[in-house]
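A.B. asks: So that we are looking at the same thing, I have put the structure below in structure tokens.
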Amino acid sequence: MTDHELRFIEYWEKNREKEKKITKQWYIGLPIGLAFAVPIAINFSSGWYKRAQMTAMAEFNPMVLVVALLIIITFIAIFYKRHQWDMNEQRYKEFVAKKTLEEQRRSQAND
């Protein structure tokens with residue numbers, strides 16, 4: 001095993017439960033969620049398509065837009081960080097299996 005793999009195993013054993021918490025995932029994933037929501041808000045408020053703007057403003061409720069943007073931000077933030085957690089967990093399991101296999105081979109070679 002490489003030094004990098006051993007350091008990752010050590011890091012993930014210490015931080016896996018912290019990284020799994022939804023509040024932490026939301027907080028850290030917030031910039032990614034904002035990266036999706038801000039362009040939507042800019043596009044909606046720019047009024048580049050006049051006919052759609054007239055239709056949208058006829059029955060416009062700003063709370064609907066704000067709630068929709070918050071839902072988008074929250075979903076993307078949590079989904080992004082949950083996906084990263086799953087990838088790290090998979091990587092951790094692969095490294096632990098590799099480490100166990102190497103230890104078994106060493107013990108068999110010594111016997």
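A note on labels: chains of the structure tokens are A, B, ... as shown, every chain counts residues from 1, and ligands are counted from 1 in their shown order.
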Using only C-alpha atoms, which protein or nucleic acid residues come within 9 Å of region 75-77 of chain A? Drop anything in the same chain fewer than 2 positions from it, and give the result as a list in words.

C.D. replies: Gln25, Trp26, Tyr27, Ile28, Gly29, Leu30, Pro31, Ile32, Gly33, Leu34, Phe36, Leu70, Ile71, Ile72, Ile73, Phe79, Tyr80, Lys81 and Arg82 of chain A

A.B. asks: Kindly export the residues of the current selection with C-alpha atoms, as a short mmCIF file (atom, residue, chain, number, x, y, z; two decimals), in the first residue's frame.

C.D. replies:
```cif
data_model
loop_
_atom_site.label_atom_id
_atom_site.label_comp_id
_atom_site.auth_asym_id
_atom_site.auth_seq_id
_atom_site.Cartn_x
_atom_site.Cartn_y
_atom_site.Cartn_z
CA GLN A 25 -23.05 18.47 4.04
CA TRP A 26 -25.43 21.37 3.50
CA TYR A 27 -23.01 23.95 4.84
CA ILE A 28 -20.04 22.75 2.78
CA GLY A 29 -22.12 22.08 -0.35
CA LEU A 30 -23.75 25.51 -0.21
CA PRO A 31 -21.39 27.16 -2.73
CA ILE A 32 -22.17 24.46 -5.30
CA GLY A 33 -25.90 24.96 -4.75
CA LEU A 34 -25.47 28.71 -5.12
CA PHE A 36 -26.75 26.66 -9.76
CA LEU A 70 -33.83 27.55 -1.63
CA ILE A 71 -35.05 24.08 -2.57
CA ILE A 72 -32.63 23.97 -5.51
CA ILE A 73 -29.72 25.15 -3.35
CA PHE A 79 -26.75 15.69 -3.10
CA TYR A 80 -23.26 16.87 -4.09
CA LYS A 81 -21.74 16.29 -0.66
CA ARG A 82 -23.60 12.98 -0.18
#
```

A.B. asks: Report the distance between CA of Glu10 (chain A) and CA of Asn88 (chain A) in Å, rounded to one decimal place.

C.D. replies: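 Taking CA of Glu10 (chain A) and CA of Asn88 (chain A), their separation equals 12.4 Å.
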
A.B. asks: Do you have, as a tab-separated table, the list of residues of region 54-86 of chain A lying at most 12 Å from region 13-17 of chain A, each with its nearest atom pair and that distance in Å to one decimal, counting only C-alpha atoms and ordered by chain then number?

C.D. replies:
```
residue	atom	partner	partner_atom	distance
A:Arg82	CA	A:Arg16	CA	11.6
A:Gln84	CA	A:Arg16	CA	11.3
A:Trp85	CA	A:Arg16	CA	7.9
A:Asp86	CA	A:Arg16	CA	10.1
```

A.B. asks: Filtering to N, CA and C atoms, could you give me those residues as an mmCIF file, in the first residue's frame?

C.D. replies:
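Contents of selection-v4.cif, as written:
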```cif
data_model
loop_
_atom_site.group_PDB
_atom_site.id
_atom_site.type_symbol
_atom_site.label_atom_id
_atom_site.label_comp_id
_atom_site.auth_asym_id
_atom_site.auth_seq_id
_atom_site.Cartn_x
_atom_site.Cartn_y
_atom_site.Cartn_z
ATOM 1 N N ARG A 82 -23.274 14.394 -0.439
ATOM 2 C CA ARG A 82 -23.600 12.984 -0.176
ATOM 3 C C ARG A 82 -22.901 12.094 -1.204
ATOM 4 N N GLN A 84 -20.107 12.832 -2.765
ATOM 5 C CA GLN A 84 -18.684 12.825 -2.402
ATOM 6 C C GLN A 84 -18.433 11.877 -1.232
ATOM 7 N N TRP A 85 -19.321 11.878 -0.241
ATOM 8 C CA TRP A 85 -19.170 10.987 0.905
ATOM 9 C C TRP A 85 -19.215 9.529 0.448
ATOM 10 N N ASP A 86 -20.158 9.216 -0.423
ATOM 11 C CA ASP A 86 -20.256 7.842 -0.938
ATOM 12 C C ASP A 86 -18.998 7.434 -1.695
#
```

A.B. asks: Find the residue from A:Ser46, A:Gln90, A:Asn110, A:Gln104 that sits nearest to Trp12 (chain A); use only C-alpha atoms when measuring.

C.D. replies: A:Gln90
